[in-house]
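For reference, upload.cif is printed below; it contains mmCIF, C-alpha atoms.
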```cif
data_input
#
loop_
_atom_site.group_PDB
_atom_site.id
_atom_site.type_symbol
_atom_site.label_atom_id
_atom_site.label_comp_id
_atom_site.auth_asym_id
_atom_site.auth_seq_id
_atom_site.Cartn_x
_atom_site.Cartn_y
_atom_site.Cartn_z
ATOM 1 C CA MET A 28 -15.787 48.083 -29.892
ATOM 2 C CA ALA A 29 -14.619 47.033 -33.301
ATOM 3 C CA ILE A 30 -13.963 43.320 -33.786
ATOM 4 C CA THR A 31 -11.752 42.268 -36.643
ATOM 5 C CA ILE A 32 -11.688 38.810 -38.131
ATOM 6 C CA ASN A 33 -8.403 38.653 -39.956
ATOM 7 C CA GLY A 34 -8.879 35.451 -41.851
ATOM 8 C CA SER A 35 -6.132 33.553 -40.073
ATOM 9 C CA GLY A 36 -8.171 32.054 -37.275
ATOM 10 C CA THR A 37 -7.721 34.825 -34.707
ATOM 11 C CA ILE A 38 -9.990 37.610 -33.560
ATOM 12 C CA GLY A 39 -8.678 41.066 -32.819
ATOM 13 C CA GLY A 40 -10.298 43.826 -30.869
ATOM 14 C CA VAL A 41 -11.400 41.901 -27.794
ATOM 15 C CA SER A 42 -10.535 43.987 -24.736
ATOM 16 C CA VAL A 43 -8.816 42.647 -21.630
ATOM 17 C CA GLY A 44 -11.298 41.041 -19.284
ATOM 18 C CA GLY A 45 -13.922 41.162 -21.940
ATOM 19 C CA LEU A 46 -14.924 37.510 -21.897
ATOM 20 C CA PRO A 47 -17.782 36.663 -19.559
ATOM 21 C CA ASP A 48 -17.835 33.497 -17.446
ATOM 22 C CA GLY A 49 -18.758 30.354 -19.270
ATOM 23 C CA ILE A 50 -17.365 31.413 -22.632
ATOM 24 C CA VAL A 51 -14.039 29.540 -22.316
ATOM 25 C CA ASP A 52 -14.232 25.936 -21.208
ATOM 26 C CA THR A 53 -11.625 23.156 -20.932
ATOM 27 C CA ASP A 54 -12.092 22.034 -24.516
ATOM 28 C CA MET A 55 -11.110 25.479 -25.766
ATOM 29 C CA LEU A 56 -7.747 25.427 -23.993
ATOM 30 C CA ALA A 57 -4.696 23.930 -25.629
ATOM 31 C CA SER A 58 -3.187 20.942 -23.833
ATOM 32 C CA ALA A 59 -0.774 21.940 -21.035
ATOM 33 C CA ALA A 60 -1.756 25.586 -21.501
ATOM 34 C CA VAL A 61 -2.396 26.323 -17.820
ATOM 35 C CA GLU A 62 0.859 27.192 -16.061
ATOM 36 C CA GLN A 63 1.624 26.929 -12.355
ATOM 37 C CA ALA A 64 1.788 30.697 -12.033
ATOM 38 C CA LYS A 65 -1.802 30.984 -13.216
ATOM 39 C CA ILE A 66 -3.112 28.972 -10.260
ATOM 40 C CA ALA A 67 -4.322 31.080 -7.358
ATOM 41 C CA SER A 68 -2.653 30.732 -3.988
ATOM 42 C CA GLY A 69 -4.483 28.473 -1.558
ATOM 43 C CA VAL A 70 -5.805 26.247 -4.315
ATOM 44 C CA VAL A 71 -5.093 22.532 -3.971
ATOM 45 C CA GLY A 72 -5.795 19.638 -6.243
ATOM 46 C CA THR A 73 -8.888 17.494 -6.152
ATOM 47 C CA GLY A 74 -7.224 14.101 -6.596
ATOM 48 C CA PRO A 75 -8.121 11.042 -4.529
ATOM 49 C CA ALA A 76 -7.539 11.054 -0.772
ATOM 50 C CA PHE A 77 -8.555 8.423 1.750
ATOM 51 C CA HIS A 78 -8.129 7.105 5.273
ATOM 52 C CA ALA A 79 -8.944 3.459 5.957
ATOM 53 C CA TYR A 80 -8.573 1.611 9.221
ATOM 54 C CA ASN A 81 -9.294 -1.626 11.025
ATOM 55 C CA ASN A 82 -12.219 -1.562 13.421
ATOM 56 C CA SER A 83 -12.311 -5.254 14.341
ATOM 57 C CA GLY A 84 -10.240 -5.189 17.486
ATOM 58 C CA ASP A 85 -7.353 -7.631 17.849
ATOM 59 C CA VAL A 86 -6.759 -9.783 14.783
ATOM 60 C CA SER A 87 -4.560 -12.889 15.024
ATOM 61 C CA ILE A 88 -2.167 -13.545 12.172
ATOM 62 C CA SER A 89 0.513 -16.092 11.292
ATOM 63 C CA VAL A 90 4.051 -15.778 12.592
ATOM 64 C CA ASN A 91 6.669 -14.526 10.137
ATOM 65 C CA SER A 92 4.282 -14.227 7.234
ATOM 66 C CA PHE A 93 3.409 -10.966 5.511
ATOM 67 C CA SER A 94 -0.290 -10.713 6.310
ATOM 68 C CA LYS A 95 -2.573 -8.201 4.654
ATOM 69 C CA VAL A 96 -4.038 -5.814 7.194
ATOM 70 C CA THR A 97 -7.813 -5.962 7.082
ATOM 71 C CA LEU A 98 -8.720 -2.293 6.719
ATOM 72 C CA ASN A 99 -12.475 -2.715 6.871
ATOM 73 C CA ALA A 100 -13.625 0.833 7.626
ATOM 74 C CA GLU A 101 -13.080 4.315 6.236
ATOM 75 C CA SER A 102 -12.966 7.813 7.630
ATOM 76 C CA TYR A 103 -13.064 9.351 4.169
ATOM 77 C CA ASP A 104 -12.556 8.219 0.617
ATOM 78 C CA THR A 105 -13.078 11.138 -1.751
ATOM 79 C CA ASN A 106 -13.117 9.190 -5.014
ATOM 80 C CA ASN A 107 -14.347 5.812 -3.742
ATOM 81 C CA CYS A 108 -11.003 4.233 -4.572
ATOM 82 C CA PHE A 109 -10.517 2.196 -1.400
ATOM 83 C CA ASP A 110 -12.282 -1.173 -1.255
ATOM 84 C CA THR A 111 -13.035 -2.335 2.300
ATOM 85 C CA SER A 112 -13.842 -5.850 1.064
ATOM 86 C CA ASN A 113 -10.348 -6.618 -0.233
ATOM 87 C CA TYR A 114 -8.540 -3.836 1.684
ATOM 88 C CA ARG A 115 -7.108 -2.335 -1.477
ATOM 89 C CA PHE A 116 -6.562 1.201 -2.784
ATOM 90 C CA THR A 117 -6.914 1.428 -6.561
ATOM 91 C CA PRO A 118 -6.947 5.089 -7.594
ATOM 92 C CA ASN A 119 -8.697 6.333 -10.709
ATOM 93 C CA VAL A 120 -6.150 9.068 -11.410
ATOM 94 C CA ALA A 121 -2.602 8.278 -12.529
ATOM 95 C CA GLY A 122 0.160 9.824 -10.491
ATOM 96 C CA TYR A 123 2.411 9.716 -7.468
ATOM 97 C CA TYR A 124 0.641 8.958 -4.207
ATOM 98 C CA GLN A 125 1.965 9.679 -0.738
ATOM 99 C CA PHE A 126 1.008 7.043 1.826
ATOM 100 C CA THR A 127 1.202 6.980 5.595
ATOM 101 C CA SER A 128 0.400 3.895 7.621
ATOM 102 C CA ARG A 129 0.640 2.458 11.099
ATOM 103 C CA VAL A 130 -0.082 -0.939 12.592
ATOM 104 C CA SER A 131 -0.519 -1.624 16.286
ATOM 105 C CA VAL A 132 1.095 -4.962 17.025
ATOM 106 C CA GLY A 133 1.190 -7.466 19.859
ATOM 107 C CA GLY A 134 2.194 -10.989 20.831
ATOM 108 C CA SER A 135 4.250 -12.882 23.354
ATOM 109 C CA SER A 136 8.037 -12.725 23.092
ATOM 110 C CA MET A 137 7.801 -10.366 20.144
ATOM 111 C CA SER A 138 11.160 -9.674 18.530
ATOM 112 C CA ARG A 139 10.173 -8.037 15.257
ATOM 113 C CA ALA A 140 7.276 -6.189 13.663
ATOM 114 C CA LEU A 141 7.354 -4.564 10.276
ATOM 115 C CA ALA A 142 4.625 -2.701 8.410
ATOM 116 C CA THR A 143 5.001 -2.876 4.639
ATOM 117 C CA LEU A 144 3.301 -1.249 1.672
ATOM 118 C CA ALA A 145 2.699 -3.622 -1.212
ATOM 119 C CA LYS A 146 2.163 -2.560 -4.822
ATOM 120 C CA ASN A 147 0.164 -4.997 -6.939
ATOM 121 C CA GLY A 148 0.652 -7.754 -4.361
ATOM 122 C CA THR A 149 4.427 -7.455 -4.024
ATOM 123 C CA MET A 150 6.170 -5.921 -1.027
ATOM 124 C CA PHE A 151 7.316 -2.476 -2.150
ATOM 125 C CA ILE A 152 8.240 -0.206 0.773
ATOM 126 C CA TYR A 153 9.297 -1.519 4.175
ATOM 127 C CA GLY A 154 8.565 0.434 7.324
ATOM 128 C CA ASN A 155 10.559 0.684 10.501
ATOM 129 C CA ASP A 156 11.695 -2.652 11.870
ATOM 130 C CA ILE A 157 10.775 -2.518 15.520
ATOM 131 C CA PRO A 158 12.222 -4.718 18.257
ATOM 132 C CA THR A 159 10.730 -6.097 21.454
ATOM 133 C CA ASN A 160 8.300 -4.073 23.532
ATOM 134 C CA VAL A 161 7.370 -1.511 20.921
ATOM 135 C CA TYR A 162 3.753 -1.679 19.917
ATOM 136 C CA GLY A 163 3.416 0.252 16.706
ATOM 137 C CA THR A 164 5.220 0.139 13.372
ATOM 138 C CA VAL A 165 4.851 2.751 10.645
ATOM 139 C CA CYS A 166 5.471 2.780 6.930
ATOM 140 C CA ASP A 167 5.387 5.796 4.617
ATOM 141 C CA GLY A 168 6.269 6.258 0.999
ATOM 142 C CA LEU A 169 5.595 7.724 -2.410
ATOM 143 C CA ILE A 170 4.328 5.247 -4.997
ATOM 144 C CA TYR A 171 3.434 5.726 -8.651
ATOM 145 C CA LEU A 172 0.076 4.225 -9.606
ATOM 146 C CA ASN A 173 -1.289 4.146 -13.144
ATOM 147 C CA GLY A 174 -4.846 5.165 -12.295
ATOM 148 C CA THR A 175 -6.431 2.016 -13.663
ATOM 149 C CA THR A 176 -5.019 -1.322 -12.497
ATOM 150 C CA ASP A 177 -2.268 -0.510 -9.978
ATOM 151 C CA TYR A 178 -3.157 -0.898 -6.325
ATOM 152 C CA VAL A 179 -1.645 -0.587 -2.872
ATOM 153 C CA GLU A 180 -2.236 -2.664 0.257
ATOM 154 C CA LEU A 181 -0.843 -2.691 3.773
ATOM 155 C CA TYR A 182 0.864 -5.797 5.161
ATOM 156 C CA ILE A 183 2.264 -6.629 8.571
ATOM 157 C CA TYR A 184 5.041 -9.039 9.527
ATOM 158 C CA ILE A 185 5.436 -10.072 13.175
ATOM 159 C CA THR A 186 7.888 -12.395 14.881
ATOM 160 C CA ALA A 187 6.195 -13.460 18.108
ATOM 161 C CA THR A 188 4.173 -16.148 19.740
ATOM 162 C CA ASN A 189 0.503 -15.571 18.947
ATOM 163 C CA PRO A 190 1.134 -12.458 16.822
ATOM 164 C CA GLN A 191 -1.716 -10.053 16.279
ATOM 165 C CA PHE A 192 -2.522 -6.516 15.251
ATOM 166 C CA GLY A 193 -4.963 -4.216 16.931
ATOM 167 C CA GLY A 194 -7.843 -2.164 15.639
ATOM 168 C CA GLY A 195 -8.827 1.451 15.985
ATOM 169 C CA ILE A 196 -9.059 4.497 13.791
ATOM 170 C CA GLY A 197 -5.720 5.870 14.950
ATOM 171 C CA ASN A 198 -4.008 2.569 15.715
ATOM 172 C CA THR A 199 -4.025 0.580 12.510
ATOM 173 C CA PHE A 200 -4.634 2.555 9.351
ATOM 174 C CA LEU A 201 -3.545 3.430 5.835
ATOM 175 C CA GLN A 202 -4.075 6.866 4.378
ATOM 176 C CA GLY A 203 -2.917 8.507 1.208
ATOM 177 C CA PHE A 204 -3.465 11.201 -1.385
ATOM 178 C CA LEU A 205 -2.423 12.196 -4.874
ATOM 179 C CA ALA A 206 0.733 14.261 -4.491
ATOM 180 C CA ARG A 207 1.499 14.756 -8.159
ATOM 181 C CA ALA A 208 -0.406 13.782 -11.258
ATOM 182 C CA ALA A 209 1.419 11.704 -13.846
ATOM 183 C CA MET B 20 1.195 -25.560 12.710
ATOM 184 C CA SER B 21 1.888 -22.397 10.715
ATOM 185 C CA LEU B 22 3.586 -22.490 7.338
ATOM 186 C CA TYR B 23 6.598 -20.790 8.878
ATOM 187 C CA ASN B 24 6.909 -23.438 11.571
ATOM 188 C CA LYS B 25 6.585 -26.209 8.999
ATOM 189 C CA ILE B 26 9.417 -24.722 6.970
ATOM 190 C CA ILE B 27 11.604 -24.218 10.037
ATOM 191 C CA ALA B 28 11.012 -27.851 10.945
ATOM 192 C CA ILE B 29 12.452 -28.773 7.533
ATOM 193 C CA TYR B 30 15.225 -26.166 7.413
ATOM 194 C CA SER B 31 16.237 -25.272 10.951
ATOM 195 C CA GLU B 32 19.157 -23.232 9.656
ATOM 196 C CA LEU B 33 16.818 -20.539 8.350
ATOM 197 C CA SER B 34 16.394 -17.437 10.465
ATOM 198 C CA ASP B 35 13.685 -14.840 10.881
ATOM 199 C CA TYR B 36 15.799 -12.525 8.721
ATOM 200 C CA ASP B 37 15.516 -14.922 5.774
ATOM 201 C CA PHE B 38 11.725 -14.545 5.856
ATOM 202 C CA CYS B 39 11.596 -10.840 6.564
ATOM 203 C CA PHE B 40 14.306 -9.366 4.349
ATOM 204 C CA GLY B 41 15.893 -12.368 2.650
ATOM 205 C CA ASP B 42 15.180 -14.773 -0.154
ATOM 206 C CA ILE B 43 11.935 -16.184 1.172
ATOM 207 C CA LYS B 44 8.546 -14.491 1.473
ATOM 208 C CA LEU B 45 5.518 -16.023 3.087
ATOM 209 C CA GLN B 46 2.309 -14.152 2.462
ATOM 210 C CA ASN B 47 -1.302 -14.169 3.577
ATOM 211 C CA ASP B 48 -3.742 -12.018 1.599
ATOM 212 C CA SER B 49 -6.488 -12.220 4.235
ATOM 213 C CA ASP B 50 -8.794 -13.782 1.678
ATOM 214 C CA GLY B 51 -9.416 -17.013 3.547
ATOM 215 C CA ASN B 52 -6.827 -19.010 1.626
ATOM 216 C CA GLY B 53 -4.184 -18.929 4.335
ATOM 217 C CA ASP B 54 -0.417 -18.580 4.134
ATOM 218 C CA TYR B 55 1.496 -19.383 0.975
ATOM 219 C CA ILE B 56 5.053 -19.106 -0.326
ATOM 220 C CA ALA B 57 5.105 -15.901 -2.369
ATOM 221 C CA LYS B 58 8.839 -16.060 -3.058
ATOM 222 C CA TRP B 59 11.477 -18.729 -2.654
ATOM 223 C CA GLU B 60 14.834 -17.680 -4.057
ATOM 224 C CA HIS B 61 17.150 -19.208 -1.500
ATOM 225 C CA PRO B 62 20.548 -19.817 -3.101
ATOM 226 C CA THR B 63 21.094 -23.303 -1.650
ATOM 227 C CA LEU B 64 17.915 -24.664 -0.067
ATOM 228 C CA PRO B 65 15.281 -25.986 -2.466
ATOM 229 C CA ARG B 66 11.657 -24.941 -2.098
ATOM 230 C CA PRO B 67 9.827 -27.448 0.116
ATOM 231 C CA THR B 68 7.466 -29.748 -1.701
ATOM 232 C CA GLU B 69 3.751 -29.922 -1.007
ATOM 233 C CA GLU B 70 4.347 -33.351 0.512
ATOM 234 C CA GLN B 71 6.888 -31.941 2.951
ATOM 235 C CA LEU B 72 4.505 -29.170 3.962
ATOM 236 C CA ALA B 73 1.449 -31.383 4.297
#
```

I'd like the structure from this file rewritten - as structure tokens, please.
Amino acid sequence: MAITINGSGTIGGVSVGGLPDGIVDTDMLASAAVEQAKIASGVVGTGPAFHAYNNSGDVSISVNSFSKVTLNAESYDTNNCFDTSNYRFTPNVAGYYQFTSRVSVGGSSMSRALATLAKNGTMFIYGNDIPTNVYGTVCDGLIYLNGTTDYVELYIYITATNPQFGGGIGNTFLQGFLARAA
Amino acid sequence: MSLYNKIIAIYSELSDYDFCFGDIKLQNDSDGNGDYIAKWEHPTLPRPTEEQLA
């Protein structure tokens, strides 16, 4: 096969499929060169994904105060972005993250319970506001995080006498994943 | 007595709604430092002083 170097930075004469594996790496591709159509079906991203939960049993909290849920255990945490010491998810990839959460709640004469997702310490997305005699509140949402300093935490607000939230892998948890890179 | 109950003792006209969705936010970051006033933007009632909450 004849190969022609034309003096303008391109090489002619390379046949289709002629490059063996390992010849082209990421550095050789122009930025944004890979299009959606070039991705094989069934391929998903490898961004952060996690599931953290409380495994301490019933935890008493203050009435009518947004209390951070102590998510002190993990089922999985692909990129080690969830910290079980401060109960905080700080991803290392910038993008839009989809979160799902639930908090089991209890207390005497309960009239309100509200799970809330906080971004950087400020309440950001409120969950369903549940009335008396319902024992779980959920909160879902899509939040942009910058991949360095932004973080998300789960808070719970309960109006009751002796309010508390319960533990358990499926009872009180926060999970999330990168839905779209920035 | 919780921070909420202390504030209600000062301002009995406040409701649960004020603390949940309104102009006041009490917060506890589960770091051992207890409840604190994270936001007080009530249009007429001034933020309670430390002396009032003591």

| request: Can you check which residues of chain A have any atom within 6 Å of chain B? Use all atoms listed in the file and format it as a list of chain:residue names. | output: A:Ser92, A:Phe93, A:Ser94, A:Lys95

| Leaving out region 108-110 of chain A and any residue of its chain fewer than 5 positions from it, which residues lie within 8 Å of it when counting all atoms listed in the file, given as a ChimeraX atom specification? | /A:75,77,79,115-119

Let me see the file: selected residues, C-alpha atoms, as an mmCIF file, in the frame of the given file.
```
data_model
loop_
_atom_site.group_PDB
_atom_site.id
_atom_site.type_symbol
_atom_site.label_atom_id
_atom_site.label_comp_id
_atom_site.auth_asym_id
_atom_site.auth_seq_id
_atom_site.Cartn_x
_atom_site.Cartn_y
_atom_site.Cartn_z
ATOM 1 C CA PRO A 75 -8.121 11.042 -4.529
ATOM 2 C CA PHE A 77 -8.555 8.423 1.750
ATOM 3 C CA ALA A 79 -8.944 3.459 5.957
ATOM 4 C CA ARG A 115 -7.108 -2.335 -1.477
ATOM 5 C CA PHE A 116 -6.562 1.201 -2.784
ATOM 6 C CA THR A 117 -6.914 1.428 -6.561
ATOM 7 C CA PRO A 118 -6.947 5.089 -7.594
ATOM 8 C CA ASN A 119 -8.697 6.333 -10.709
#
```

| request: Would you write out, as number ranges by chain, every residue that the PyMOL selection byres ((chain A and resi 190) around 9) captures in this file? | output: A: 86-91, 132-135, 137, 184-189, 191-192

| field | Given only C-alpha atoms as the counted atoms, nearest of B:Leu33, B:Gly41, B:Lys25, B:Gly51 to Pro67 (chain B) | value | B:Lys25

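Straight-line separation from CA of Phe204 (chain A) to CA of Tyr114 (chain A): 16.2 Å.
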
| said: Could you tell me how far CA of Ala60 (chain A) sits from CA of Gly74 (chain A), in Å to one decimal place? | reply: 19.6 Å

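CA of Gly197 (chain A) is positioned 10.0 Å from CA of Asn82 (chain A).
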
| field | Result set, the PyMOL selection byres ((chain B and resi 63) around 12) on current file, as a VMD selection string | value | chain B and resid 30 32 to 33 42 to 43 59 to 62 64 to 66

| message | Starting from the PyMOL selection byres ((chain A and resi 138-150) around 8), expand the selection into actual residues of this file and give them as an MDAnalysis selection string. | response | chainID A and resid 128:130 132 136:137 151:159 164:167 177:187

Can you report as lines of an AutoDock Vina configuration file the centre and edge lengths in Å, to one decimal, of an axis-aligned box around the listed atoms of region 66-78 of chain A padded with 5 Å on each side?
```
center_x = -5.8
center_y = 19.1
center_z = -2.5
size_x = 16.2
size_y = 34.0
size_z = 25.5
```

| Which residue, A:Phe200, A:Tyr171, A:Tyr162, A:Tyr80, has the smallest gap to Asn99 (chain A) when you use only C-alpha atoms? |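 That would be A:Tyr80, the residue with the smallest distance to Asn99 (chain A).
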